[in-house]
There are 2 protein chains.
Amino acid sequence: MSLPHAILGVLEARPMSGYELTRFFDSTARWVWTAPQSQIYPLLRKLEADGWIVGEEQVRGERLRRTSYSLTSAGLDELGRWLTETYAEPNVRDGLLLKALFFDLADAEGASSVLAEHVLELEERVSQWSAHRVALVARDTPLLRERLDHRPESEHERIALLKAHVFEYLIDQAELRIRWCRDTMTMLG
Amino acid sequence: MSLPHAILGVLEARPMSGYELTRFFDSTARWVWTAPQSQIYPLLRKLEADGWIVGEEQVRGERLRRTSYSLTSAGLDELGRWLTETYAEPNVRDGLLLKALFFDLADAEGASSVLAEHVLELEERVSQWSAHRVALVARDTPLLRERLDHRPESEHERIALLKAHVFEYLIDQAELRIRWCRDTMTMLG
DNA sequence: ACATACATGTAAATGGTTACATGATTTA
DNA sequence: TAAATCATGTAACCATTTACATGTATGT
C-alpha cells in the first residue's frame with residue numbers, strides 16, 4: 001500500500017537498481033518499512049509504466065546488464081501528493097497484546113518468558129534505531145548526504161532533524177513497550 | 001495469523017455463533033483485533049475440523065438455524081500452548097512514519113494537516129479505550145462477567161487487572177503518538 | 001409494509017512472505 | 001576453484017479487505 005511511495009522517496013535521494021533497493025529495504029530501511037525482492041522488481045516495472053520512474057539499462061562486464069531507476073518529475077509530484085493525502089490509521093492488530101489479553105489462561109512462567117524474550121528483541125531494535133538517529137543528526141548516512149547534495153544548504157538542518165525525529169518516536173515507543181512488558185511481568189507474579 | 005487464537009480466546013468466555021463473533025470483532029474486540037465476517041465463517045469450519053471447537057446446530061423459528069460454537073478441551077490446550085509460544089514481532093510498517101520521513105519534500109501546511117487529522121483519530125480511539133479500561137477494572141463488561149462466572153473468585157481481581165492493563169498500554173501508546181505528532185507539527189513550522 | 005437485525009455464505013482483489021530458479025562477476 | 005555477491009525473475013501461498021448474494025425473523 002505504501003511501498004510504491006517508499007520507493008519513490010528513496011529514489012529521490014539518487015537513482016538505484018532493483019538490487020540496490022532490495023538491499024536497502026533489507027538493511028537500513030528495514031527499520032521503517034521492509035520489502036522482499038519479489039515485491040520490488042515487479043513494482044519497479046509498474047512504477048515505470050505509470051511514468052513515475054525511468055529505468056536506464058547499464059552494461060556491466062560482458063553480458064551483465066542492470067537497470068538503474070530514477071525519479072521523474074511526475075514521480076516527485078506524485079510523492080508530494082501522497083505525502084499530504086489523509087493518512088488512514090489501520091486497525092489495531094497486535095499479536096502480543098492479544099496474547100496478553102488471555103495471559104490469565106496461561107502458565108505464568110511461560111507468559112513471563114514470552115515477555116522477557118520480547119523485551120530483548122525490542123532492546124535490540126532500540127539500539128539500532130538509536131545509532132541511526134545519531135547518524136542522521138550528524139548528517140552522516142550515505143543516503144542523507146546524497147539527498148542534501150541537491151537541496152539548498154539552508155534546509156539541511158531542518159531535513160536532518162525531521163528524519164531523526166522519526167527515529168526518536170520509534171525509540172520512545174519501544175521503550176514504552178518495554179516498560180509495559182516489565183509491568184506485566186510483575187503483575188503475572 | 002492470530003485470528004484463530006483470538007477466536008478460541010473469545011469462545012473461552014462462552015459459546016457463540018459466527019454472527020455473534022462477527023459482531024464482537026466489529027465492536028468491542030475491534031480495539032484489539034478486527035476481522036470481517038468473510039474471514040470468520042470459513043475459519044470456524046476449519047477450527048471445528050481441527051477439533052478445537054464444536055458447533056451445535058440450534059433451531060430458531062421455523063426454518064432458521066444457527067450454529068453455536070464452543071471451545072473443546074483440545075481447543076483450550078491449544079490456546080495455552082499458543083500463549084506461551086514465542087512472539088515474533090513483525091517488521092515495522094508504519095505508514096505515518098513513512099510519510100513523516102519525507103515530509104521535507106511536502107508542503108508544510110499539507111503535512112501539518114495530515115498530522116492534525118491523525119491526532120483527532122487517535123483521540124477518538126483513546127476515549128474508547130479509556131471507557132473500556134474503566135469497565136474492565138469495574139468487572140463490568142458482558143463478556144468478562146461470563147468469563148469470571150466459571151473462574152474461582154480469588155482470581156477475579158488478577159484477571160480483570162491483567163486485561164485492563166492491555167488497554168492502559170493502548171492508551172499510553174496513543175498518547176505518546178499524539179505528543180509526537182504535535183512536536184512534528186511544531187518542527188514543520 | 002418496511003426497515004432493521006439475524007444468519008450464513010462465496011468471489012475477487014490486494015499486499016505480503018517464502019521459496020525456487022538462473023546465471024554472471026568478484027574475491028579469497 | 002569455490003564461495004560470496006551481484007542481478008533479476010517467477011510461483012505458490014497466506015492473511016486481509018471489499019463486495020456481492022440470499023433469505024428469515026422481528027419490531028415499528
# chains A, B, ... in the order shown; residues from 1 in each chain; ligands from 1
>>> closest_atom_pairs(of="chain A", to="chain C", cutoff="12 Å", atoms="only C-alpha atoms (C1' of nucleotides)", output="Markdown table")
| residue | atom | partner | partner_atom | distance |
| --- | --- | --- | --- | --- |
| A:Met1 | CA | C:DG15 | C1' | 7.0 |
| A:Ser2 | CA | C:DG15 | C1' | 10.0 |
| A:Leu3 | CA | C:DG15 | C1' | 9.7 |
| A:Pro4 | CA | C:DG15 | C1' | 11.7 |
| A:Thr34 | CA | C:DG16 | C1' | 10.1 |
| A:Ala35 | CA | C:DG16 | C1' | 8.3 |
| A:Pro36 | CA | C:DT17 | C1' | 8.1 |
| A:Gln37 | CA | C:DT17 | C1' | 10.7 |
| A:Ser38 | CA | C:DT17 | C1' | 9.3 |
| A:Gln39 | CA | C:DG16 | C1' | 8.1 |
| A:Ile40 | CA | C:DG16 | C1' | 11.5 |
| A:Leu43 | CA | C:DG15 | C1' | 11.8 |
| A:Arg60 | CA | C:DT25 | C1' | 9.2 |
| A:Gly61 | CA | C:DT25 | C1' | 7.8 |
| A:Glu62 | CA | C:DA24 | C1' | 8.9 |
| A:Arg63 | CA | C:DA24 | C1' | 7.7 |
| A:Leu64 | CA | C:DA24 | C1' | 6.3 |
| A:Arg65 | CA | C:DA24 | C1' | 9.6 |
| A:Arg66 | CA | C:DA24 | C1' | 11.5 |
>>> write_last_selection(atoms="all heavy atoms", output="short mmCIF file (atom, residue, chain, number, x, y, z; two decimals), in the first residue's frame")
data_model
loop_
_atom_site.label_atom_id
_atom_site.label_comp_id
_atom_site.auth_asym_id
_atom_site.auth_seq_id
_atom_site.Cartn_x
_atom_site.Cartn_y
_atom_site.Cartn_z
N MET A 1 0.83 -1.21 0.00
CA MET A 1 0.00 0.00 0.00
C MET A 1 0.86 1.25 0.00
O MET A 1 0.60 2.20 -0.72
CB MET A 1 -0.92 0.02 1.21
CG MET A 1 -2.11 0.92 1.07
SD MET A 1 -2.94 1.26 2.64
CE MET A 1 -1.65 2.04 3.59
N SER A 2 1.91 1.26 0.83
CA SER A 2 2.79 2.41 0.89
C SER A 2 4.11 2.16 0.18
O SER A 2 4.88 3.09 -0.02
CB SER A 2 3.08 2.78 2.35
OG SER A 2 1.89 3.16 3.00
N LEU A 3 4.34 0.90 -0.19
CA LEU A 3 5.63 0.57 -0.78
C LEU A 3 5.96 1.38 -2.04
O LEU A 3 7.09 1.84 -2.17
CB LEU A 3 5.73 -0.94 -1.06
CG LEU A 3 7.08 -1.41 -1.60
CD1 LEU A 3 8.22 -1.09 -0.66
CD2 LEU A 3 7.05 -2.90 -1.91
N PRO A 4 5.01 1.59 -2.95
CA PRO A 4 5.34 2.39 -4.13
C PRO A 4 5.91 3.75 -3.75
O PRO A 4 6.92 4.19 -4.31
CB PRO A 4 3.99 2.56 -4.84
CG PRO A 4 3.14 1.43 -4.36
CD PRO A 4 3.61 1.10 -2.98
N THR A 34 9.81 -2.64 5.42
CA THR A 34 10.54 -3.73 4.74
C THR A 34 9.85 -4.15 3.47
O THR A 34 8.63 -4.02 3.35
CB THR A 34 10.57 -5.04 5.57
OG1 THR A 34 9.79 -4.89 6.72
CG2 THR A 34 11.98 -5.44 5.86
N ALA A 35 10.59 -4.73 2.57
CA ALA A 35 10.02 -5.30 1.36
C ALA A 35 10.99 -6.33 0.81
O ALA A 35 12.18 -6.07 0.74
CB ALA A 35 9.76 -4.22 0.33
N PRO A 36 10.47 -7.51 0.45
CA PRO A 36 11.35 -8.51 -0.15
C PRO A 36 11.52 -8.23 -1.63
O PRO A 36 10.72 -7.51 -2.24
CB PRO A 36 10.58 -9.81 0.08
CG PRO A 36 9.15 -9.40 0.08
CD PRO A 36 9.10 -8.01 0.61
N GLN A 37 12.57 -8.81 -2.17
CA GLN A 37 12.93 -8.67 -3.58
C GLN A 37 11.76 -8.98 -4.51
O GLN A 37 11.55 -8.28 -5.49
CB GLN A 37 14.11 -9.63 -3.74
CG GLN A 37 14.71 -9.80 -5.04
CD GLN A 37 14.32 -11.18 -5.55
OE1 GLN A 37 13.13 -11.48 -5.69
NE2 GLN A 37 15.30 -12.02 -5.82
N SER A 38 10.99 -10.00 -4.14
CA SER A 38 9.90 -10.44 -5.03
C SER A 38 8.81 -9.38 -5.15
O SER A 38 7.96 -9.44 -6.04
CB SER A 38 9.30 -11.76 -4.54
OG SER A 38 8.74 -11.59 -3.27
N GLN A 39 8.81 -8.43 -4.23
CA GLN A 39 7.82 -7.35 -4.32
C GLN A 39 8.39 -6.18 -5.10
O GLN A 39 7.67 -5.46 -5.78
CB GLN A 39 7.48 -6.86 -2.90
CG GLN A 39 6.03 -7.01 -2.52
CD GLN A 39 5.72 -6.37 -1.18
OE1 GLN A 39 6.54 -6.46 -0.24
NE2 GLN A 39 4.59 -5.73 -1.06
N ILE A 40 9.71 -5.99 -4.99
CA ILE A 40 10.35 -4.81 -5.56
C ILE A 40 10.44 -4.84 -7.09
O ILE A 40 10.04 -3.89 -7.76
CB ILE A 40 11.74 -4.59 -4.91
CG1 ILE A 40 11.54 -4.15 -3.45
CG2 ILE A 40 12.55 -3.56 -5.68
CD1 ILE A 40 12.79 -4.10 -2.62
N LEU A 43 7.19 -4.27 -8.94
CA LEU A 43 6.70 -2.92 -8.66
C LEU A 43 7.47 -1.87 -9.45
O LEU A 43 6.88 -0.90 -9.93
CB LEU A 43 6.80 -2.66 -7.15
CG LEU A 43 6.08 -1.43 -6.63
CD1 LEU A 43 4.64 -1.37 -7.11
CD2 LEU A 43 6.13 -1.40 -5.11
N ARG A 60 27.36 -3.84 -17.45
CA ARG A 60 28.48 -4.07 -16.53
C ARG A 60 29.12 -5.38 -16.98
O ARG A 60 28.46 -6.39 -17.06
CB ARG A 60 27.99 -4.25 -15.09
CG ARG A 60 27.15 -3.11 -14.56
CD ARG A 60 26.82 -3.25 -13.07
NE ARG A 60 27.22 -4.50 -12.46
CZ ARG A 60 28.32 -4.65 -11.69
NH1 ARG A 60 29.08 -3.63 -11.41
NH2 ARG A 60 28.60 -5.83 -11.18
N GLY A 61 30.38 -5.32 -17.23
CA GLY A 61 31.07 -6.52 -17.69
C GLY A 61 30.64 -6.88 -19.10
O GLY A 61 30.22 -6.01 -19.87
N GLU A 62 30.76 -8.15 -19.46
CA GLU A 62 30.50 -8.61 -20.82
C GLU A 62 29.01 -8.65 -21.17
O GLU A 62 28.55 -7.98 -22.06
CB GLU A 62 31.07 -10.03 -21.01
CG GLU A 62 32.58 -10.14 -20.88
CD GLU A 62 33.32 -9.68 -22.14
OE1 GLU A 62 33.03 -10.24 -23.22
OE2 GLU A 62 34.16 -8.75 -22.04
N ARG A 63 28.27 -9.46 -20.41
CA ARG A 63 26.86 -9.61 -20.77
C ARG A 63 25.93 -9.37 -19.57
O ARG A 63 24.81 -9.80 -19.56
CB ARG A 63 26.63 -10.97 -21.42
CG ARG A 63 26.71 -12.15 -20.49
CD ARG A 63 26.98 -13.44 -21.25
NE ARG A 63 28.41 -13.60 -21.53
CZ ARG A 63 28.95 -14.65 -22.16
NH1 ARG A 63 28.17 -15.61 -22.60
NH2 ARG A 63 30.25 -14.73 -22.36
N LEU A 64 26.48 -8.70 -18.52
CA LEU A 64 25.65 -8.43 -17.36
C LEU A 64 25.08 -7.01 -17.45
O LEU A 64 25.81 -6.03 -17.48
CB LEU A 64 26.46 -8.60 -16.06
CG LEU A 64 25.66 -8.56 -14.77
CD1 LEU A 64 24.59 -9.62 -14.75
CD2 LEU A 64 26.56 -8.69 -13.57
N ARG A 65 23.75 -6.95 -17.49
CA ARG A 65 23.10 -5.65 -17.55
C ARG A 65 22.49 -5.37 -16.19
O ARG A 65 22.24 -6.28 -15.40
CB ARG A 65 22.01 -5.68 -18.63
CG ARG A 65 20.70 -6.30 -18.20
CD ARG A 65 20.18 -7.36 -19.18
NE ARG A 65 19.86 -8.58 -18.44
CZ ARG A 65 18.70 -8.73 -17.75
NH1 ARG A 65 17.79 -7.80 -17.73
NH2 ARG A 65 18.49 -9.84 -17.08
N ARG A 66 22.26 -4.09 -15.92
CA ARG A 66 21.45 -3.77 -14.76
C ARG A 66 20.69 -2.50 -15.06
O ARG A 66 21.17 -1.64 -15.82
CB ARG A 66 22.30 -3.65 -13.49
CG ARG A 66 22.88 -2.32 -13.29
CD ARG A 66 23.31 -2.19 -11.83
NE ARG A 66 24.00 -0.92 -11.63
CZ ARG A 66 24.51 -0.58 -10.48
NH1 ARG A 66 24.43 -1.39 -9.46
NH2 ARG A 66 25.10 0.59 -10.35
#
>>> calpha_fit_and_write(fixed="chain A", moving="chain B", output="PDB file with C-alpha atoms, in the first residue's frame")
ATOM      1  CA  MET B   1       0.027  -0.041  -0.006  1.00  0.00           C
ATOM      2  CA  SER B   2       2.806   2.397   0.902  1.00  0.00           C
ATOM      3  CA  LEU B   3       5.643   0.548  -0.784  1.00  0.00           C
ATOM      4  CA  PRO B   4       5.335   2.366  -4.121  1.00  0.00           C
ATOM      5  CA  HIS B   5       5.759   5.686  -2.344  1.00  0.00           C
ATOM      6  CA  ALA B   6       8.538   4.384  -0.134  1.00  0.00           C
ATOM      7  CA  ILE B   7      10.416   3.551  -3.316  1.00  0.00           C
ATOM      8  CA  LEU B   8       9.734   6.972  -4.828  1.00  0.00           C
ATOM      9  CA  GLY B   9      11.037   8.560  -1.624  1.00  0.00           C
ATOM     10  CA  VAL B  10      14.232   6.542  -1.706  1.00  0.00           C
ATOM     11  CA  LEU B  11      14.838   7.277  -5.376  1.00  0.00           C
ATOM     12  CA  GLU B  12      14.520  10.999  -4.615  1.00  0.00           C
ATOM     13  CA  ALA B  13      17.954  10.686  -2.990  1.00  0.00           C
ATOM     14  CA  ARG B  14      19.558   9.056  -6.025  1.00  0.00           C
ATOM     15  CA  PRO B  15      18.855   6.528  -8.818  1.00  0.00           C
ATOM     16  CA  MET B  16      19.083   2.895  -7.800  1.00  0.00           C
ATOM     17  CA  SER B  17      18.717  -0.547  -9.359  1.00  0.00           C
ATOM     18  CA  GLY B  18      16.296  -3.188  -8.117  1.00  0.00           C
ATOM     19  CA  TYR B  19      19.164  -4.932  -6.458  1.00  0.00           C
ATOM     20  CA  GLU B  20      20.272  -1.835  -4.582  1.00  0.00           C
ATOM     21  CA  LEU B  21      16.706  -1.132  -3.469  1.00  0.00           C
ATOM     22  CA  THR B  22      16.342  -4.723  -2.311  1.00  0.00           C
ATOM     23  CA  ARG B  23      19.459  -4.421  -0.199  1.00  0.00           C
ATOM     24  CA  PHE B  24      18.381  -1.063   1.139  1.00  0.00           C
ATOM     25  CA  PHE B  25      14.908  -2.294   2.169  1.00  0.00           C
ATOM     26  CA  ASP B  26      16.586  -5.223   3.844  1.00  0.00           C
ATOM     27  CA  SER B  27      19.143  -3.159   5.765  1.00  0.00           C
ATOM     28  CA  THR B  28      18.687   0.507   6.683  1.00  0.00           C
ATOM     29  CA  ALA B  29      15.086   0.954   5.567  1.00  0.00           C
ATOM     30  CA  ARG B  30      14.244  -2.298   7.328  1.00  0.00           C
ATOM     31  CA  TRP B  31      13.754  -0.228  10.475  1.00  0.00           C
ATOM     32  CA  VAL B  32      10.884   1.715   8.995  1.00  0.00           C
ATOM     33  CA  TRP B  33       9.510  -0.351   6.118  1.00  0.00           C
ATOM     34  CA  THR B  34      10.572  -3.741   4.756  1.00  0.00           C
ATOM     35  CA  ALA B  35      10.063  -5.310   1.379  1.00  0.00           C
ATOM     36  CA  PRO B  36      11.425  -8.508  -0.119  1.00  0.00           C
ATOM     37  CA  GLN B  37      13.003  -8.650  -3.567  1.00  0.00           C
ATOM     38  CA  SER B  38       9.964 -10.427  -5.006  1.00  0.00           C
ATOM     39  CA  GLN B  39       7.887  -7.369  -4.294  1.00  0.00           C
ATOM     40  CA  ILE B  40      10.379  -4.825  -5.550  1.00  0.00           C
ATOM     41  CA  TYR B  41      11.157  -5.986  -9.089  1.00  0.00           C
ATOM     42  CA  PRO B  42       7.554  -6.252 -10.335  1.00  0.00           C
ATOM     43  CA  LEU B  43       6.726  -2.954  -8.636  1.00  0.00           C
ATOM     44  CA  LEU B  44       9.573  -1.138 -10.390  1.00  0.00           C
ATOM     45  CA  ARG B  45       8.148  -2.218 -13.736  1.00  0.00           C
ATOM     46  CA  LYS B  46       4.731  -0.976 -12.635  1.00  0.00           C
ATOM     47  CA  LEU B  47       6.073   2.385 -11.437  1.00  0.00           C
ATOM     48  CA  GLU B  48       7.858   2.801 -14.751  1.00  0.00           C
ATOM     49  CA  ALA B  49       4.642   2.015 -16.627  1.00  0.00           C
ATOM     50  CA  ASP B  50       2.931   4.699 -14.537  1.00  0.00           C
ATOM     51  CA  GLY B  51       5.620   7.169 -15.566  1.00  0.00           C
ATOM     52  CA  TRP B  52       6.848   7.882 -12.035  1.00  0.00           C
ATOM     53  CA  ILE B  53      10.296   6.432 -12.567  1.00  0.00           C
ATOM     54  CA  VAL B  54      12.461   5.711 -15.621  1.00  0.00           C
ATOM     55  CA  GLY B  55      14.846   2.822 -15.980  1.00  0.00           C
ATOM     56  CA  GLU B  56      18.165   3.192 -17.698  1.00  0.00           C
ATOM     57  CA  GLU B  57      19.860   0.004 -18.870  1.00  0.00           C
ATOM     58  CA  GLN B  58      23.512  -0.059 -17.875  1.00  0.00           C
ATOM     59  CA  VAL B  59      26.117  -2.510 -19.140  1.00  0.00           C
ATOM     60  CA  ARG B  60      28.484  -3.967 -16.589  1.00  0.00           C
ATOM     61  CA  GLY B  61      31.113  -6.424 -17.786  1.00  0.00           C
ATOM     62  CA  GLU B  62      30.491  -8.541 -20.898  1.00  0.00           C
ATOM     63  CA  ARG B  63      26.848  -9.531 -20.814  1.00  0.00           C
ATOM     64  CA  LEU B  64      25.654  -8.345 -17.383  1.00  0.00           C
ATOM     65  CA  ARG B  65      23.153  -5.591 -17.593  1.00  0.00           C
ATOM     66  CA  ARG B  66      21.460  -3.706 -14.790  1.00  0.00           C
ATOM     67  CA  THR B  67      18.633  -1.229 -14.808  1.00  0.00           C
ATOM     68  CA  SER B  68      19.049   1.917 -12.797  1.00  0.00           C
ATOM     69  CA  TYR B  69      15.786   3.661 -11.993  1.00  0.00           C
ATOM     70  CA  SER B  70      15.461   7.375 -11.375  1.00  0.00           C
ATOM     71  CA  LEU B  71      12.550   9.499 -10.213  1.00  0.00           C
ATOM     72  CA  THR B  72      10.749  11.514 -12.891  1.00  0.00           C
ATOM     73  CA  SER B  73       9.188  14.888 -12.190  1.00  0.00           C
ATOM     74  CA  ALA B  74       5.774  13.192 -12.400  1.00  0.00           C
ATOM     75  CA  GLY B  75       7.061  10.793  -9.734  1.00  0.00           C
ATOM     76  CA  LEU B  76       8.123  13.658  -7.492  1.00  0.00           C
ATOM     77  CA  ASP B  77       4.692  15.259  -7.932  1.00  0.00           C
ATOM     78  CA  GLU B  78       3.012  11.978  -7.048  1.00  0.00           C
ATOM     79  CA  LEU B  79       5.171  11.709  -3.923  1.00  0.00           C
ATOM     80  CA  GLY B  80       4.157  15.231  -2.896  1.00  0.00           C
ATOM     81  CA  ARG B  81       0.511  14.403  -3.476  1.00  0.00           C
ATOM     82  CA  TRP B  82       0.715  11.223  -1.404  1.00  0.00           C
ATOM     83  CA  LEU B  83       2.523  12.980   1.442  1.00  0.00           C
ATOM     84  CA  THR B  84      -0.343  15.387   2.044  1.00  0.00           C
ATOM     85  CA  GLU B  85      -3.075  12.828   1.437  1.00  0.00           C
ATOM     86  CA  THR B  86      -5.025  11.845   4.564  1.00  0.00           C
ATOM     87  CA  TYR B  87      -3.426   9.003   6.463  1.00  0.00           C
ATOM     88  CA  ALA B  88      -5.932   6.311   7.424  1.00  0.00           C
ATOM     89  CA  GLU B  89      -4.702   4.556  10.558  1.00  0.00           C
ATOM     90  CA  PRO B  90      -5.106   0.819  10.031  1.00  0.00           C
ATOM     91  CA  ASN B  91      -6.942  -1.311  12.541  1.00  0.00           C
ATOM     92  CA  VAL B  92      -5.027  -2.311  15.630  1.00  0.00           C
ATOM     93  CA  ARG B  93      -3.635  -5.789  15.184  1.00  0.00           C
ATOM     94  CA  ASP B  94      -1.039  -6.489  17.819  1.00  0.00           C
ATOM     95  CA  GLY B  95      -0.285 -10.148  18.441  1.00  0.00           C
ATOM     96  CA  LEU B  96       1.456  -9.538  21.747  1.00  0.00           C
ATOM     97  CA  LEU B  97      -1.475  -7.587  23.172  1.00  0.00           C
ATOM     98  CA  LEU B  98      -3.810 -10.336  22.017  1.00  0.00           C
ATOM     99  CA  LYS B  99      -1.776 -12.874  23.957  1.00  0.00           C
ATOM    100  CA  ALA B 100      -1.626 -10.576  26.975  1.00  0.00           C
ATOM    101  CA  LEU B 101      -5.398 -10.293  26.942  1.00  0.00           C
ATOM    102  CA  PHE B 102      -5.579 -14.029  27.645  1.00  0.00           C
ATOM    103  CA  PHE B 103      -2.506 -14.422  29.866  1.00  0.00           C
ATOM    104  CA  ASP B 104      -4.755 -15.314  32.811  1.00  0.00           C
ATOM    105  CA  LEU B 105      -5.400 -18.614  30.980  1.00  0.00           C
ATOM    106  CA  ALA B 106      -1.692 -19.385  30.626  1.00  0.00           C
ATOM    107  CA  ASP B 107       1.028 -20.691  32.846  1.00  0.00           C
ATOM    108  CA  ALA B 108       2.554 -17.572  34.507  1.00  0.00           C
ATOM    109  CA  GLU B 109       6.133 -18.766  33.924  1.00  0.00           C
ATOM    110  CA  GLY B 110       5.526 -19.285  30.238  1.00  0.00           C
ATOM    111  CA  ALA B 111       3.774 -15.959  29.814  1.00  0.00           C
ATOM    112  CA  SER B 112       6.600 -14.140  31.595  1.00  0.00           C
ATOM    113  CA  SER B 113       9.217 -15.673  29.370  1.00  0.00           C
ATOM    114  CA  VAL B 114       7.305 -14.615  26.249  1.00  0.00           C
ATOM    115  CA  LEU B 115       7.497 -11.062  27.579  1.00  0.00           C
ATOM    116  CA  ALA B 116      11.155 -11.371  28.549  1.00  0.00           C
ATOM    117  CA  GLU B 117      12.099 -12.532  25.052  1.00  0.00           C
ATOM    118  CA  HIS B 118      10.098  -9.701  23.567  1.00  0.00           C
ATOM    119  CA  VAL B 119      11.964  -7.181  25.718  1.00  0.00           C
ATOM    120  CA  LEU B 120      15.261  -8.489  24.366  1.00  0.00           C
ATOM    121  CA  GLU B 121      14.037  -8.124  20.792  1.00  0.00           C
ATOM    122  CA  LEU B 122      12.869  -4.574  21.470  1.00  0.00           C
ATOM    123  CA  GLU B 123      16.160  -3.618  23.131  1.00  0.00           C
ATOM    124  CA  GLU B 124      17.978  -4.857  20.060  1.00  0.00           C
ATOM    125  CA  ARG B 125      15.822  -2.644  17.865  1.00  0.00           C
ATOM    126  CA  VAL B 126      16.238   0.350  20.148  1.00  0.00           C
ATOM    127  CA  SER B 127      20.003   0.156  19.892  1.00  0.00           C
ATOM    128  CA  GLN B 128      19.883   0.088  16.090  1.00  0.00           C
ATOM    129  CA  TRP B 129      17.385   2.920  15.883  1.00  0.00           C
ATOM    130  CA  SER B 130      19.468   4.975  18.303  1.00  0.00           C
ATOM    131  CA  ALA B 131      22.584   4.505  16.215  1.00  0.00           C
ATOM    132  CA  HIS B 132      20.744   5.555  13.093  1.00  0.00           C
ATOM    133  CA  ARG B 133      19.238   8.568  14.838  1.00  0.00           C
ATOM    134  CA  VAL B 134      22.678   9.766  15.896  1.00  0.00           C
ATOM    135  CA  ALA B 135      23.964   9.309  12.332  1.00  0.00           C
ATOM    136  CA  LEU B 136      21.055  11.333  10.944  1.00  0.00           C
ATOM    137  CA  VAL B 137      21.611  14.238  13.346  1.00  0.00           C
ATOM    138  CA  ALA B 138      25.279  14.243  12.312  1.00  0.00           C
ATOM    139  CA  ARG B 139      24.106  14.120   8.641  1.00  0.00           C
ATOM    140  CA  ASP B 140      26.318  11.105   8.334  1.00  0.00           C
ATOM    141  CA  THR B 141      24.383   8.458   6.433  1.00  0.00           C
ATOM    142  CA  PRO B 142      25.216   7.766   2.771  1.00  0.00           C
ATOM    143  CA  LEU B 143      21.708   8.362   1.496  1.00  0.00           C
ATOM    144  CA  LEU B 144      21.126  11.542   3.505  1.00  0.00           C
ATOM    145  CA  ARG B 145      24.360  13.018   2.208  1.00  0.00           C
ATOM    146  CA  GLU B 146      23.286  12.362  -1.367  1.00  0.00           C
ATOM    147  CA  ARG B 147      19.894  13.839  -0.630  1.00  0.00           C
ATOM    148  CA  LEU B 148      21.321  17.032   0.864  1.00  0.00           C
ATOM    149  CA  ASP B 149      23.653  17.432  -2.127  1.00  0.00           C
ATOM    150  CA  HIS B 150      20.749  18.582  -4.272  1.00  0.00           C
ATOM    151  CA  ARG B 151      18.973  20.651  -1.609  1.00  0.00           C
ATOM    152  CA  PRO B 152      19.805  24.206  -0.512  1.00  0.00           C
ATOM    153  CA  GLU B 153      22.112  24.320   2.490  1.00  0.00           C
ATOM    154  CA  SER B 154      19.671  26.458   4.449  1.00  0.00           C
ATOM    155  CA  GLU B 155      17.341  23.440   4.561  1.00  0.00           C
ATOM    156  CA  HIS B 156      19.917  20.855   5.627  1.00  0.00           C
ATOM    157  CA  GLU B 157      19.370  21.135   9.355  1.00  0.00           C
ATOM    158  CA  ARG B 158      15.586  20.999   9.116  1.00  0.00           C
ATOM    159  CA  ILE B 159      15.711  17.931   6.860  1.00  0.00           C
ATOM    160  CA  ALA B 160      18.111  16.034   9.122  1.00  0.00           C
ATOM    161  CA  LEU B 161      16.159  16.876  12.273  1.00  0.00           C
ATOM    162  CA  LEU B 162      12.820  15.874  10.759  1.00  0.00           C
ATOM    163  CA  LYS B 163      14.217  12.488   9.790  1.00  0.00           C
ATOM    164  CA  ALA B 164      15.935  11.977  13.134  1.00  0.00           C
ATOM    165  CA  HIS B 165      12.665  12.788  14.870  1.00  0.00           C
ATOM    166  CA  VAL B 166      11.033   9.777  13.239  1.00  0.00           C
ATOM    167  CA  PHE B 167      13.633   7.535  14.835  1.00  0.00           C
ATOM    168  CA  GLU B 168      13.118   9.284  18.143  1.00  0.00           C
ATOM    169  CA  TYR B 169       9.503   8.154  17.995  1.00  0.00           C
ATOM    170  CA  LEU B 170      10.455   4.572  17.219  1.00  0.00           C
ATOM    171  CA  ILE B 171      12.811   4.565  20.198  1.00  0.00           C
ATOM    172  CA  ASP B 172      10.357   6.153  22.645  1.00  0.00           C
ATOM    173  CA  GLN B 173       7.584   3.856  21.538  1.00  0.00           C
ATOM    174  CA  ALA B 174       9.737   0.752  22.012  1.00  0.00           C
ATOM    175  CA  GLU B 175      10.844   1.956  25.433  1.00  0.00           C
ATOM    176  CA  LEU B 176       7.241   2.467  26.470  1.00  0.00           C
ATOM    177  CA  ARG B 177       6.516  -1.073  25.339  1.00  0.00           C
ATOM    178  CA  ILE B 178       9.499  -2.427  27.269  1.00  0.00           C
ATOM    179  CA  ARG B 179       8.236  -0.745  30.459  1.00  0.00           C
ATOM    180  CA  TRP B 180       4.793  -2.174  29.840  1.00  0.00           C
ATOM    181  CA  CYS B 181       6.197  -5.694  29.397  1.00  0.00           C
ATOM    182  CA  ARG B 182       8.078  -5.380  32.685  1.00  0.00           C
ATOM    183  CA  ASP B 183       4.949  -4.146  34.492  1.00  0.00           C
ATOM    184  CA  THR B 184       2.979  -7.048  33.050  1.00  0.00           C
ATOM    185  CA  MET B 185       5.643  -9.497  34.244  1.00  0.00           C
ATOM    186  CA  THR B 186       5.288  -8.058  37.757  1.00  0.00           C
ATOM    187  CA  MET B 187       1.516  -8.452  37.585  1.00  0.00           C
ATOM    188  CA  LEU B 188       1.849 -12.068  36.477  1.00  0.00           C
ATOM    189  CA  GLY B 189       3.686 -12.648  39.762  1.00  0.00           C
TER     190      GLY B 189
END
>>> select_by_dssp(residues="stretch 11-182 of chain A", states="strand (DSSP E)", output="list in words")
Met16, Ser17, Ile53, Val54, Gly55, Glu56, Glu57, Gln58, Val59, Arg60, Leu64, Arg65, Arg66, Thr67, Ser68, Tyr69, Ser70 and Leu71 of chain A
>>> closest_atom_pairs(of="chain D", to="chain B", cutoff="12 Å", atoms="only C-alpha atoms (C1' of nucleotides)", output="tab-separated table")
residue	atom	partner	partner_atom	distance
D:DC14	C1'	B:Met1	CA	8.6
D:DA15	C1'	B:Met1	CA	7.0
D:DT16	C1'	B:Gln39	CA	8.1
D:DT17	C1'	B:Pro36	CA	8.1
D:DT18	C1'	B:Pro36	CA	9.8
D:DA19	C1'	B:Ser38	CA	10.5
D:DC20	C1'	B:Ser38	CA	11.6
D:DG23	C1'	B:Leu64	CA	9.3
D:DT24	C1'	B:Leu64	CA	6.3
D:DA25	C1'	B:Gly61	CA	7.5
D:DT26	C1'	B:Gly61	CA	10.9
>>> select_by_dssp(residues="stretch 1-120 of chain B", states="alpha helix (DSSP H)", output="PyMOL selection string")
chain B and resi 3-11+18-26+37-49+73-83+95-101+108-120
